[in-house]
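Novice: Below: one structure in structure tokens.
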Amino acid sequence: MSESSAVVQVRDLVKEHGHGESRVRAVDEVDLVVPEGQTLAVMGPSGCGKSTLLHLMGGLERPSRGEVWLAGQRIDGLSERALARMRRRSVGFVFQAFHLVEELSAVENVELPALLAGRSPRQARRRAGALLERVGLTARARHLPSQLSGGQRQRVAIARALANEPLVVLADEPTGNLDSAATLDVLRIFEELRSAGQTLVIVTHDERVAATADRLVSMRDGMFVDDTRLAGFHPRGLGGLIGLEG
């Protein structure tokens, strides 16, 4: 795999928590290359380091040792201001707990990253409207998060992650709080993003989510124990497509 084509690359990555005898190595000398357009799933038991790895890749945490590269730029040594600028411009985040701003409507949540990145209100609103249509939530654009179901909130969060056309979307247990029907809605969106060439890294316990990926990496005790190419996800294999109107 060519390093020159990598959107995300980590080298000899180590992350330790605590000090002395209580020190724990959450990520243990990991090397990884994620090329443009690949959907990578990371699986493993709770506490294996997969969420920490995702946070390191997105600049939310700093490594104890090693390198993190995004589109050819090393980011682990950037200042906090430069890291925040990089995240707004190049990385979309999707979390298990949604992390929507409760006082803002769905469309306002989606347009927020574009506004923070310096787009005009008109540009940001147009982009947000198109993304909500893409995830099937045009009719809920003016609703507050408290007026949306869990699946709808996660779809808003995915739309928000795409607001600035990021180089990579990093998703941490994106279906962890969803029921089966809402999970299938999110799976369909991930498959559509994969088909469109969006680079995705998804941390998950759910084998159905992992099945949307081109590649599956398994972690244990902070290290990779398996790296497998997948055939890709086919929604009809899960009993047919679930509509996004609900």
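Letters A, B, ... go to the chains of the structure tokens in the order shown; residues in each chain start at 1; ligands are counted from 1 in the same order.
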Find the residues near region 47-63 of chain A: any atom within 6 Å, counting only C-alpha atoms, skip ones fewer than 2 places away on the same chain, and give them as a PyMOL selection string.

Specialist: chain A and resi 14-15+26-27+45+65+220-222

Novice: Please produce a file of the residues just selected, as a compact mmCIF listing (two decimals), in the first residue's frame, where the atoms kept are C-alpha atoms.

Specialist:
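This is the output file part-v2.txt:
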# COMPACT_ATOMS: atom_id res chain seq x y z
CA VAL A 14 2.08 4.78 21.59
CA LYS A 15 -0.38 6.26 24.09
CA ALA A 26 -3.68 2.05 25.66
CA VAL A 27 -2.08 2.02 22.19
CA PRO A 45 -13.11 -5.76 23.24
CA ARG A 65 5.33 8.55 21.28
CA ARG A 220 -6.40 -6.38 21.63
CA ASP A 221 -4.38 -4.86 24.47
CA GLY A 222 -3.51 -1.82 22.39

Novice: Can you pull out the residues contacting region 159-162 of chain A? Cut-off 10 Å, using only C-alpha atoms, and skip same-chain residues under 6 positions away; I want them as a PyMOL selection string.

Specialist: chain A and resi 88+90-95+100+106-114+127-135+137+153+168-171+189+193+198

Novice: Please produce a file of the residues just selected, as an mmCIF file, in the first residue's frame, where the atoms kept are C-alpha atoms.

Specialist:
data_model
loop_
_atom_site.group_PDB
_atom_site.id
_atom_site.type_symbol
_atom_site.label_atom_id
_atom_site.label_comp_id
_atom_site.auth_asym_id
_atom_site.auth_seq_id
_atom_site.Cartn_x
_atom_site.Cartn_y
_atom_site.Cartn_z
ATOM 1 C CA ARG A 88 -12.401 21.903 11.394
ATOM 2 C CA SER A 90 -10.092 18.082 7.388
ATOM 3 C CA VAL A 91 -11.786 15.749 9.898
ATOM 4 C CA GLY A 92 -15.441 14.910 10.547
ATOM 5 C CA PHE A 93 -16.293 13.251 13.867
ATOM 6 C CA VAL A 94 -19.288 11.042 14.689
ATOM 7 C CA PHE A 95 -19.713 9.903 18.299
ATOM 8 C CA LEU A 100 -25.340 17.804 19.188
ATOM 9 C CA ALA A 106 -30.948 20.107 13.228
ATOM 10 C CA VAL A 107 -30.029 22.432 10.357
ATOM 11 C CA GLU A 108 -28.213 24.811 12.728
ATOM 12 C CA ASN A 109 -26.184 21.917 14.147
ATOM 13 C CA VAL A 110 -25.184 20.816 10.660
ATOM 14 C CA GLU A 111 -24.199 24.290 9.472
ATOM 15 C CA LEU A 112 -22.153 25.082 12.596
ATOM 16 C CA PRO A 113 -18.825 23.547 11.414
ATOM 17 C CA ALA A 114 -19.035 25.447 8.133
ATOM 18 C CA ARG A 127 -24.718 22.965 2.468
ATOM 19 C CA ALA A 128 -26.596 21.955 5.629
ATOM 20 C CA GLY A 129 -29.879 21.674 3.749
ATOM 21 C CA ALA A 130 -28.308 19.473 1.089
ATOM 22 C CA LEU A 131 -26.755 17.201 3.717
ATOM 23 C CA LEU A 132 -29.996 16.828 5.668
ATOM 24 C CA GLU A 133 -31.702 15.871 2.422
ATOM 25 C CA ARG A 134 -28.943 13.324 1.820
ATOM 26 C CA VAL A 135 -29.619 11.633 5.167
ATOM 27 C CA LEU A 137 -34.144 14.527 7.351
ATOM 28 C CA ARG A 153 -29.975 12.516 15.948
ATOM 29 C CA VAL A 168 -11.701 11.625 6.614
ATOM 30 C CA VAL A 169 -14.711 10.852 8.813
ATOM 31 C CA LEU A 170 -13.868 9.244 12.170
ATOM 32 C CA ALA A 171 -16.818 7.450 13.800
ATOM 33 C CA ILE A 189 -25.587 5.994 4.966
ATOM 34 C CA LEU A 193 -20.455 7.258 1.761
ATOM 35 C CA GLN A 198 -15.398 9.087 1.355
#

Novice: May I ask for the distance between CA of Gly66 (chain A) and CA of Leu167 (chain A), given in Å to one decimal place?

Specialist: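 Separation between CA of Gly66 (chain A) and CA of Leu167 (chain A): 21.6 Å.
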
Novice: Region 177-183 of chain A: which residues within 8 Å, counting only C-alpha atoms, same-chain residues fewer than 4 positions away excluded, as a list in words?

Specialist: Gln96, Ala97, Gly150, Gly151, Gln152, Leu187 and Ile242 of chain A

Novice: Could you save the residues just selected, with N, CA and C atoms, as a CSV table (one decimal), in the first residue's frame?

Specialist:
chain,number,residue,atom,x,y,z
A,96,GLN,N,-20.8,8.2,19.6
A,96,GLN,CA,-21.9,7.4,20.1
A,96,GLN,C,-23.0,8.2,20.7
A,97,ALA,N,-22.5,9.3,21.5
A,97,ALA,CA,-23.5,10.1,22.2
A,97,ALA,C,-24.0,11.3,21.4
A,150,GLY,N,-33.3,8.8,18.5
A,150,GLY,CA,-31.9,8.5,18.5
A,150,GLY,C,-31.3,8.3,17.1
A,151,GLY,N,-32.0,7.6,16.3
A,151,GLY,CA,-31.5,7.4,14.9
A,151,GLY,C,-31.4,8.7,14.1
A,152,GLN,N,-32.4,9.5,14.3
A,152,GLN,CA,-32.5,10.8,13.6
A,152,GLN,C,-31.3,11.7,14.1
A,187,LEU,N,-26.3,2.3,8.8
A,187,LEU,CA,-25.5,1.4,7.9
A,187,LEU,C,-25.6,1.8,6.4
A,242,ILE,N,-33.9,-0.2,4.7
A,242,ILE,CA,-34.8,0.5,5.6
A,242,ILE,C,-34.9,1.9,5.1

Novice: Figure out the distance between CA of Pro35 (chain A) and CA of Arg208 (chain A), please, to one decimal in Å.

Specialist: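 Between CA of Arg208 (chain A) and CA of Pro35 (chain A) the gap works out to 22.3 Å.
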
Novice: Using backbone DSSP assignments, extract all strand (DSSP E) residues from region 41-129 of chain A; output them as a list in words.

Specialist: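 For region 41-129 of chain A, the strand (DSSP E) set is Ala41, Val42, Met43, Arg65, Gly66, Glu67, Val68, Trp69, Leu70, Gln73, Arg74, Val91, Gly92, Phe93, Val94 and Phe95 of chain A.
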
Novice: For each of A:Val10, A:Ala163, A:Ala213, A:Val42, take the minimum atom-to-atom distance to Val225 (chain A), counting only C-alpha atoms, then give the residue where this is smallest.

Specialist: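 Of the candidates, the smallest distance to Val225 (chain A) is held by A:Val42.
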
Novice: Would you compute the distance between CA of Arg119 (chain A) and CA of Pro166 (chain A)? Give it in Å to one decimal.

Specialist: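 Here the two named atoms are 14.4 Å from each other.
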
Novice: Can you list every residue in chain A that DSSP puts in helix (DSSP H, G or I), as a PyMOL selection string?

Specialist: chain A and resi 3-5+20-22+50-57+80-90+106-116+121-134+138-140+145-147+150-161+180-195+207-210+235-238

Novice: Ranking A:Gly77, A:Pro145, A:Gly118, A:Gly37 by minimum distance to Val201 (chain A) and counting only C-alpha atoms, which one comes first?

Specialist: A:Gly37
